[in-house]
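Undergrad: So I've got this file, my_file-v2.txt, and it contains compact mmCIF, C-alpha atoms and all ligand atoms:
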```
# COMPACT_ATOMS: atom_id res chain seq x y z
CA MET A 1 -37.21 -74.91 22.52
CA PRO A 2 -34.00 -73.86 20.78
CA GLU A 3 -34.76 -72.74 17.22
CA LEU A 4 -32.44 -71.83 14.36
CA PRO A 5 -30.90 -68.74 16.05
CA GLU A 6 -30.29 -70.57 19.33
CA VAL A 7 -28.68 -73.60 17.67
CA GLU A 8 -26.61 -71.31 15.44
CA THR A 9 -25.46 -69.46 18.56
CA ILE A 10 -24.34 -72.73 20.14
CA ARG A 11 -22.57 -73.73 16.92
CA ARG A 12 -20.66 -70.46 16.72
CA GLN A 13 -19.65 -70.58 20.38
CA LEU A 14 -18.66 -74.24 20.38
CA ALA A 15 -16.88 -74.51 17.03
CA PRO A 16 -13.60 -72.89 18.16
CA HIS A 17 -13.47 -75.21 21.19
CA LEU A 18 -14.22 -78.41 19.26
CA GLU A 19 -12.77 -78.12 15.78
CA GLY A 20 -9.47 -79.98 15.50
CA ARG A 21 -9.87 -81.66 18.91
CA GLY A 22 -10.06 -85.39 19.46
CA LEU A 23 -12.80 -87.09 21.47
CA THR A 24 -10.74 -89.00 24.03
CA ALA A 25 -13.65 -90.37 26.03
CA VAL A 26 -17.40 -90.33 25.45
CA GLU A 27 -19.93 -91.52 28.01
CA VAL A 28 -23.62 -91.73 27.17
CA LEU A 29 -25.64 -92.02 30.37
CA ASP A 30 -29.15 -92.07 28.87
CA PRO A 31 -30.32 -94.74 26.40
CA ARG A 32 -33.10 -92.43 25.18
CA TRP A 33 -30.48 -90.12 23.65
CA THR A 34 -29.24 -92.78 21.21
CA ALA A 35 -32.36 -94.95 20.83
CA PRO A 36 -32.80 -97.26 19.01
CA ARG A 37 -29.02 -97.74 19.09
CA ALA A 38 -27.35 -98.77 22.33
CA PRO A 39 -25.52 -95.97 24.21
CA ARG A 40 -22.35 -98.03 24.47
CA GLU A 41 -22.26 -98.65 20.73
CA VAL A 42 -22.63 -94.93 19.95
CA ALA A 43 -20.07 -93.92 22.56
CA ALA A 44 -17.58 -96.43 21.13
CA ALA A 45 -18.14 -95.15 17.59
CA LEU A 46 -17.44 -91.56 18.71
CA THR A 47 -14.41 -92.24 20.89
CA GLY A 48 -11.08 -91.54 19.18
CA ARG A 49 -12.55 -89.43 16.37
CA THR A 50 -11.43 -85.90 15.57
CA VAL A 51 -13.96 -83.07 15.15
CA LEU A 52 -13.39 -81.71 11.64
CA GLY A 53 -16.22 -79.19 11.74
CA LEU A 54 -19.39 -78.12 13.46
CA ALA A 55 -22.33 -77.45 11.14
CA ARG A 56 -26.03 -76.73 11.46
CA ALA A 57 -29.10 -77.63 9.42
CA GLY A 58 -32.43 -76.28 10.67
CA LYS A 59 -32.42 -77.04 14.39
CA TYR A 60 -29.83 -79.84 14.08
CA LEU A 61 -26.30 -79.31 15.36
CA ILE A 62 -23.98 -81.50 13.29
CA TRP A 63 -20.60 -82.82 14.37
CA GLU A 64 -18.48 -83.66 11.32
CA LEU A 65 -16.04 -86.29 12.51
CA SER A 66 -13.01 -88.04 11.05
CA GLY A 67 -13.76 -91.23 9.13
CA ASP A 68 -16.86 -89.66 7.50
CA LEU A 69 -18.94 -90.08 10.65
CA HIS A 70 -21.64 -87.50 11.41
CA LEU A 71 -23.36 -86.91 14.74
CA LEU A 72 -26.68 -85.09 14.42
CA MET A 73 -27.78 -83.58 17.73
CA HIS A 74 -31.31 -82.32 18.18
CA LEU A 75 -31.85 -80.46 21.45
CA ARG A 76 -35.69 -80.61 21.30
CA MET A 77 -37.26 -78.96 24.38
CA THR A 78 -34.54 -78.61 26.98
CA GLY A 79 -31.22 -79.94 25.63
CA THR A 80 -28.22 -77.81 26.63
CA LEU A 81 -24.49 -78.09 25.95
CA LEU A 82 -22.06 -76.73 28.54
CA PHE A 83 -18.34 -76.32 27.96
CA ASP A 84 -16.15 -76.94 31.01
CA PRO A 85 -18.88 -76.75 33.69
CA PRO A 86 -17.35 -76.76 37.20
CA ALA A 87 -19.19 -80.00 38.06
CA ASP A 88 -21.65 -82.28 36.32
CA PRO A 89 -24.92 -80.33 36.25
CA PRO A 90 -28.17 -82.08 37.14
CA HIS A 91 -29.69 -84.05 34.26
CA THR A 92 -26.32 -84.76 32.63
CA ARG A 93 -26.89 -87.22 29.75
CA VAL A 94 -23.58 -87.23 27.88
CA ARG A 95 -19.99 -86.46 28.87
CA VAL A 96 -17.24 -85.81 26.34
CA ALA A 97 -13.55 -85.48 27.21
CA LEU A 98 -11.49 -83.59 24.64
CA SER A 99 -7.88 -84.19 23.64
CA ASP A 100 -6.82 -80.73 24.93
CA GLY A 101 -8.04 -81.50 28.46
CA HIS A 102 -11.36 -79.63 28.24
CA ARG A 103 -14.73 -81.28 28.49
CA LEU A 104 -18.24 -80.90 27.23
CA VAL A 105 -21.45 -81.95 28.97
CA TYR A 106 -24.88 -82.44 27.45
CA LEU A 107 -27.79 -82.11 29.85
CA ASP A 108 -31.49 -82.47 29.17
CA PRO A 109 -34.10 -82.41 31.96
CA ARG A 110 -37.01 -83.40 29.70
CA ARG A 111 -34.93 -86.01 27.80
CA PHE A 112 -36.45 -85.41 24.36
CA GLY A 113 -33.11 -84.53 22.75
CA THR A 114 -31.41 -87.04 20.48
CA GLY A 115 -27.97 -87.96 19.18
CA HIS A 116 -28.09 -89.73 15.84
CA LEU A 117 -25.06 -91.15 14.02
CA LEU A 118 -24.80 -91.33 10.26
CA ASP A 119 -22.04 -93.22 8.53
CA SER A 120 -21.42 -91.06 5.47
CA ALA A 121 -21.99 -87.60 4.04
CA GLN A 122 -24.53 -89.10 1.62
CA ALA A 123 -26.49 -90.72 4.46
CA ARG A 124 -26.49 -87.40 6.31
CA ALA A 125 -27.70 -85.51 3.24
CA ALA A 126 -30.50 -88.02 2.63
CA TYR A 127 -31.55 -87.97 6.29
CA LEU A 128 -31.80 -84.18 6.34
CA ALA A 129 -33.39 -83.87 2.90
CA SER A 130 -36.33 -86.00 4.02
CA ARG A 131 -36.88 -83.83 7.10
CA LEU A 132 -35.96 -80.26 6.20
CA GLY A 133 -37.03 -77.73 3.61
CA PRO A 134 -34.84 -74.85 2.45
CA GLU A 135 -32.59 -73.16 4.98
CA PRO A 136 -33.48 -69.51 5.65
CA LEU A 137 -30.68 -66.94 5.22
CA THR A 138 -29.29 -68.94 2.29
CA PRO A 139 -29.89 -68.43 -1.45
CA GLU A 140 -32.14 -71.54 -1.61
CA PHE A 141 -34.80 -69.79 0.50
CA THR A 142 -36.49 -67.22 -1.74
CA ALA A 143 -39.85 -65.49 -2.01
CA ALA A 144 -40.38 -67.47 -5.24
CA TYR A 145 -39.90 -70.71 -3.30
CA LEU A 146 -42.52 -69.56 -0.77
CA ARG A 147 -44.99 -68.73 -3.55
CA ASP A 148 -44.60 -72.20 -5.09
CA ALA A 149 -44.79 -74.00 -1.74
CA ALA A 150 -47.87 -72.04 -0.61
CA ARG A 151 -49.88 -72.39 -3.82
CA GLY A 152 -53.25 -74.08 -3.28
CA ARG A 153 -52.66 -74.82 0.40
CA THR A 154 -55.37 -74.13 2.93
CA ALA A 155 -53.30 -74.64 6.11
CA PRO A 156 -52.98 -71.61 8.42
CA VAL A 157 -49.82 -69.73 7.53
CA LYS A 158 -48.41 -70.26 11.01
CA ALA A 159 -48.66 -74.05 10.70
CA PHE A 160 -46.97 -73.79 7.31
CA VAL A 161 -44.09 -71.72 8.70
CA LEU A 162 -43.61 -74.18 11.59
CA ASP A 163 -43.47 -77.21 9.25
CA GLN A 164 -39.76 -78.10 9.09
CA ARG A 165 -40.25 -79.74 5.68
CA ARG A 166 -41.37 -76.35 4.28
CA ILE A 167 -38.85 -74.07 6.03
CA ALA A 168 -35.99 -75.37 8.18
CA GLY A 169 -35.36 -74.09 11.67
CA VAL A 170 -38.33 -71.80 12.43
CA GLY A 171 -40.22 -72.56 15.64
CA ASN A 172 -42.89 -70.87 17.71
CA ILE A 173 -41.01 -67.71 18.70
CA TYR A 174 -39.67 -66.79 15.28
CA ALA A 175 -42.92 -67.71 13.50
CA ASP A 176 -44.85 -65.19 15.64
CA GLU A 177 -42.19 -62.54 15.16
CA ALA A 178 -42.00 -63.11 11.39
CA LEU A 179 -45.78 -62.95 10.91
CA PHE A 180 -45.98 -59.74 12.93
CA ARG A 181 -43.20 -58.18 10.87
CA ALA A 182 -45.06 -59.19 7.71
CA GLY A 183 -48.45 -57.93 8.98
CA ILE A 184 -50.06 -61.33 8.38
CA HIS A 185 -52.55 -62.98 10.71
CA PRO A 186 -51.38 -66.48 11.75
CA LEU A 187 -54.76 -67.99 10.83
CA ARG A 188 -54.68 -66.81 7.21
CA ALA A 189 -54.75 -69.72 4.77
CA VAL A 190 -51.22 -69.73 3.34
CA GLY A 191 -52.51 -70.29 -0.20
CA SER A 192 -54.66 -67.13 0.03
CA LEU A 193 -51.71 -64.79 0.58
CA ARG A 194 -50.97 -62.35 -2.22
CA PRO A 195 -47.49 -62.26 -3.82
CA GLY A 196 -46.65 -59.05 -1.93
CA GLN A 197 -47.58 -60.70 1.36
CA LEU A 198 -45.43 -63.74 0.61
CA GLN A 199 -42.58 -61.37 -0.18
CA ALA A 200 -43.17 -59.67 3.20
CA LEU A 201 -43.31 -63.06 4.93
CA HIS A 202 -39.99 -64.04 3.36
CA GLU A 203 -38.44 -60.80 4.62
CA GLY A 204 -40.10 -61.17 8.03
CA ILE A 205 -38.68 -64.67 8.52
CA GLU A 206 -35.18 -63.63 7.53
CA GLN A 207 -35.26 -60.45 9.62
CA ALA A 208 -36.62 -62.19 12.73
CA LEU A 209 -34.01 -64.97 12.50
CA ALA A 210 -31.17 -62.55 11.83
CA ALA A 211 -32.20 -60.42 14.83
CA GLY A 212 -32.31 -63.58 16.98
CA ILE A 213 -28.80 -64.61 15.90
CA GLU A 214 -27.55 -61.06 16.49
CA ALA A 215 -28.91 -61.19 20.08
CA LYS A 216 -27.37 -64.66 20.56
CA GLY A 217 -30.74 -66.36 20.87
CA ALA A 218 -33.75 -66.06 23.13
CA THR A 219 -33.90 -67.51 26.62
CA ILE A 220 -37.49 -68.14 27.65
CA ASP A 221 -37.12 -71.67 28.98
CA ASP A 222 -33.78 -73.35 29.52
CA PHE A 223 -31.71 -72.10 26.62
CA ARG A 224 -28.20 -71.22 27.70
CA HIS A 225 -24.98 -70.45 25.91
CA VAL A 226 -22.18 -73.02 26.13
CA ASP A 227 -20.64 -71.02 28.99
CA GLY A 228 -23.97 -70.94 30.86
CA ALA A 229 -24.86 -67.33 29.92
CA TYR A 230 -28.33 -66.53 28.58
CA GLY A 231 -29.44 -65.14 25.22
CA SER A 232 -31.11 -61.72 25.14
CA PHE A 233 -33.52 -61.83 22.18
CA GLN A 234 -36.49 -62.22 24.56
CA ASP A 235 -35.94 -58.53 25.46
CA GLN A 236 -36.56 -57.55 21.84
CA PHE A 237 -39.72 -59.55 21.09
CA LEU A 238 -42.16 -57.47 19.03
CA VAL A 239 -45.20 -59.63 19.76
CA HIS A 240 -44.27 -63.05 21.19
CA LEU A 241 -45.20 -63.43 24.91
CA ARG A 242 -46.58 -59.87 24.96
CA GLU A 243 -50.23 -60.74 25.68
CA GLY A 244 -52.18 -57.69 26.90
CA ARG A 245 -49.28 -55.31 26.28
CA PRO A 246 -49.52 -52.56 23.67
CA CYS A 247 -48.44 -53.39 20.13
CA VAL A 248 -45.08 -51.73 19.43
CA ARG A 249 -46.48 -50.31 16.18
CA CYS A 250 -50.07 -49.25 16.91
CA GLY A 251 -50.67 -49.57 20.66
CA THR A 252 -53.49 -52.13 20.36
CA ALA A 253 -53.34 -54.83 23.05
CA VAL A 254 -51.57 -57.98 21.84
CA ARG A 255 -53.80 -61.06 21.90
CA LYS A 256 -52.91 -64.66 22.59
CA LEU A 257 -54.53 -67.29 20.43
CA VAL A 258 -53.93 -71.00 20.05
CA VAL A 259 -53.01 -72.04 16.52
CA GLY A 260 -52.23 -75.69 15.86
CA GLY A 261 -51.89 -76.25 19.61
CA ARG A 262 -49.25 -73.51 19.99
CA GLY A 263 -49.60 -70.29 21.98
CA THR A 264 -49.65 -67.60 19.31
CA TYR A 265 -49.33 -63.85 19.79
CA VAL A 266 -50.85 -61.37 17.40
CA CYS A 267 -51.83 -57.71 17.01
CA GLU A 268 -55.15 -58.01 15.23
CA ARG A 269 -54.95 -54.43 13.99
CA CYS A 270 -51.52 -54.81 12.34
CA GLN A 271 -52.33 -58.42 11.37
CA PRO A 272 -55.98 -58.36 10.28
CA ARG A 273 -57.94 -61.51 11.03
CA PRO A 274 -59.07 -63.36 7.90
CA ARG A 275 -62.71 -62.77 7.05
CA SER A 276 -64.70 -65.83 7.99
CA ARG A 277 -66.22 -67.49 5.00
CA ARG A 278 -69.89 -66.65 4.78
CA ALA A 279 -72.17 -69.53 5.71
CA PRO A 280 -73.59 -71.04 2.53
CA ARG A 281 -77.01 -69.67 1.73
CA ARG A 282 -79.88 -71.98 2.34
CA PRO A 283 -81.28 -73.04 -1.03
CA ARG A 284 -84.62 -71.44 -1.75
CA PRO A 285 -87.51 -73.84 -1.72
CA ALA A 286 -88.22 -74.95 -5.19
CA VAL A 287 -91.29 -73.37 -6.66
CA ALA A 288 -93.25 -75.37 -9.11
CA ASP A 289 -93.72 -73.71 -12.45
CA ASP A 290 -97.19 -74.77 -12.97
ZN ZN A 301 -50.44 -53.30 16.06
```
Would you mind writing the file out in structure tokens?
TA:
Amino acid sequence: MPELPEVETIRRQLAPHLEGRGLTAVEVLDPRWTAPRAPREVAAALTGRTVLGLARAGKYLIWELSGDLHLLMHLRMTGTLLFDPPADPPHTRVRVALSDGHRLVYLDPRRFGTGHLLDSAQARAAYLASRLGPEPLTPEFTAAYLRDAARGRTAPVKAFVLDQRRIAGVGNIYADEALFRAGIHPLRAVGSLRPGQLQALHEGIEQALAAGIEAKGATIDDFRHVDGAYGSFQDQFLVHLREGRPCVRCGTAVRKLVVGGRGTYVCERCQPRPRSRRAPRRPRPAVADD
């Protein structure tokens, strides 16, 4: 699934092709993409608008359109945008013709991706605020924020990092990479982490995401660039998908666990497993005093 670095890569590649162009024709071929709104209604609302900017929030790609209209695209599992493909690829869901003669195609084999229209900047801000926590790599995401958000929580730290309402844009790949960088086991209760560990987690998240953006994303499933090329971050994974291979730091074999239903990769020497709480002692039988 595309995470923050993959969506940011798409945004950077697509922005110069879209910004300032008009949408001369928009065809939505799949009602699931716009549900509950009708595809025809969404296509009509988009047609004739000019793209003023392309933004990103968490894993959302946001088209800022003339007339204060905002299209929030979420690619979910397998959504892909291709600029000027030679022919319509299989699983094409949306076609967009641009005013300069180029075209853009959205395809999505699994069909979980969505296109959601919002009618004002305020509506967009409210929609995102209810779904997304602070954005990493911006001043709002700090170690102090992590300390406050983690306090008293017993959830495993990996589940916490994956929760979009806590931290925007981190998914399974970058959570594993960030926890490895920080030397924290994914099953540690987030509220039990010491301040120094939360500082390390903050740095690990930012470093993993920045490395992913630098490598133009990771391609492990269907992620492609807008010209069809693939990202290369999968070649730099420190721990993700490395089950049985030696840890890059200590040589111990990387283990695969399941945390919150997600395949999770860990070096249990660099990321010590939390000590299991001792079973409560059986109360001694009461002894009568007399
Ligand atoms: Zn190790």
Undergrad: Counting only C-alpha atoms and all ligand atoms, name the residues that have an atom within 7 Å of an atom of ligand ZN 301 (chain A); the answer should be given as a PDB file with C-alpha atoms, keeping the file's coordinate frame.
TA:
```pdb
ATOM      1  CA  CYS A 247     -48.440 -53.390  20.130  1.00  0.00           C
ATOM      2  CA  VAL A 248     -45.080 -51.730  19.430  1.00  0.00           C
ATOM      3  CA  ARG A 249     -46.480 -50.310  16.180  1.00  0.00           C
ATOM      4  CA  CYS A 250     -50.070 -49.250  16.910  1.00  0.00           C
ATOM      5  CA  GLY A 251     -50.670 -49.570  20.660  1.00  0.00           C
ATOM      6  CA  THR A 252     -53.490 -52.130  20.360  1.00  0.00           C
ATOM      7  CA  CYS A 267     -51.830 -57.710  17.010  1.00  0.00           C
ATOM      8  CA  GLU A 268     -55.150 -58.010  15.230  1.00  0.00           C
ATOM      9  CA  ARG A 269     -54.950 -54.430  13.990  1.00  0.00           C
ATOM     10  CA  CYS A 270     -51.520 -54.810  12.340  1.00  0.00           C
TER      11      CYS A 270
END
```
Undergrad: To one decimal place, how far is CA of Ala129 in chain A from CA of Phe141 in chain A in Å?
TA: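 For CA of Ala129 in chain A relative to CA of Phe141 in chain A, the distance reads 14.4 Å.
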Undergrad: Record the distance separating CA of Gly113 in chain A and CA of His74 in chain A, expressed in Å with one decimal.
TA: 5.4 Å
Undergrad: Work out how far CA of Leu257 in chain A is from CA of Gly196 in chain A, in Å to one decimal.
TA: 25.1 Å
Undergrad: Quick one: of A:Pro139, A:Gly263, A:Pro5, A:Gly67, who's nearest to Val239 in chain A, counting all atoms listed in the file?
TA: A:Gly263
Undergrad: For each of A:Lys59, A:Arg11, A:Arg124, A:Arg273, take the minimum atom-to-atom distance to Gln164 in chain A, counting only C-alpha atoms, then give the residue where this is smallest.
TA: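 Looking at the shortest contact to Gln164 in chain A, the residue is A:Lys59.
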Undergrad: When distances are computed from all atoms listed in the file, which of A:Asp68, A:Glu214, A:Asp100, A:Glu135 shows the smallest separation from Asp119 in chain A?
TA: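 So, comparing all the options, the nearest one is A:Asp68.
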Undergrad: Return the single residue from A:Leu82, A:Leu187, A:Ala155, A:Leu137 that is closest to Tyr106 in chain A, with distances computed using all atoms listed in the file.
TA: A:Leu82
Undergrad: With all atoms listed in the file as the basis for distance, which of A:Leu201, A:Leu29, A:Ala168, A:Ala208 is at the shortest distance from Ser130 in chain A?
TA: A:Ala168
Undergrad: For a quick check of understanding, using only C-alpha atoms, which of A:Met73, A:Ala121, A:Leu54, A:Val105 has the smallest distance to Asp88 in chain A?
TA: A:Val105
Undergrad: Do you know which residues are at most 12 Å from Pro89 in chain A counting all atoms listed in the file, after dropping those on the same chain fewer than 6 positions away, and could you put them as a PyMOL selection string?
TA: chain A and resi 80-83+95+104-109+228
Undergrad: With C-alpha atoms retained, export the selected residues as a PDB file, in the coordinates of the input.
TA:
```
ATOM      1  CA  THR A  80     -28.220 -77.810  26.630  1.00  0.00           C
ATOM      2  CA  LEU A  81     -24.490 -78.090  25.950  1.00  0.00           C
ATOM      3  CA  LEU A  82     -22.060 -76.730  28.540  1.00  0.00           C
ATOM      4  CA  PHE A  83     -18.340 -76.320  27.960  1.00  0.00           C
ATOM      5  CA  ARG A  95     -19.990 -86.460  28.870  1.00  0.00           C
ATOM      6  CA  LEU A 104     -18.240 -80.900  27.230  1.00  0.00           C
ATOM      7  CA  VAL A 105     -21.450 -81.950  28.970  1.00  0.00           C
ATOM      8  CA  TYR A 106     -24.880 -82.440  27.450  1.00  0.00           C
ATOM      9  CA  LEU A 107     -27.790 -82.110  29.850  1.00  0.00           C
ATOM     10  CA  ASP A 108     -31.490 -82.470  29.170  1.00  0.00           C
ATOM     11  CA  PRO A 109     -34.100 -82.410  31.960  1.00  0.00           C
ATOM     12  CA  GLY A 228     -23.970 -70.940  30.860  1.00  0.00           C
TER      13      GLY A 228
END
```
Undergrad: Any idea what's packed within 12 Å of Ile205 in chain A, counting all atoms listed in the file, ignoring anything in its chain fewer than 3 positions away? Could you give it as a ChimeraX atom specification?
TA: /A:4-5,135-137,141-143,146,158,161-162,167-184,198-202,208-212
Undergrad: Taking 2 positions as the minimum chain separation for residues in the same chain, which residues sit within 9 Å of Gly115 in chain A when counting all atoms listed in the file? Answer as number ranges by chain.
TA: A: 33-35, 42, 71-75, 113, 117
Undergrad: Could you list, as number ranges by chain, every residue within 8 Å of Val51 in chain A, counting all atoms listed in the file and ignoring same-chain residues fewer than 6 positions away?
TA: A: 18-23, 63-66
Undergrad: Produce a file of the selected residues containing C-alpha atoms, as an mmCIF file, keeping the file's coordinate frame.
TA:
```cif
data_model
loop_
_atom_site.group_PDB
_atom_site.id
_atom_site.type_symbol
_atom_site.label_atom_id
_atom_site.label_comp_id
_atom_site.auth_asym_id
_atom_site.auth_seq_id
_atom_site.Cartn_x
_atom_site.Cartn_y
_atom_site.Cartn_z
ATOM 1 C CA LEU A 18 -14.220 -78.410 19.260
ATOM 2 C CA GLU A 19 -12.770 -78.120 15.780
ATOM 3 C CA GLY A 20 -9.470 -79.980 15.500
ATOM 4 C CA ARG A 21 -9.870 -81.660 18.910
ATOM 5 C CA GLY A 22 -10.060 -85.390 19.460
ATOM 6 C CA LEU A 23 -12.800 -87.090 21.470
ATOM 7 C CA TRP A 63 -20.600 -82.820 14.370
ATOM 8 C CA GLU A 64 -18.480 -83.660 11.320
ATOM 9 C CA LEU A 65 -16.040 -86.290 12.510
ATOM 10 C CA SER A 66 -13.010 -88.040 11.050
#
```
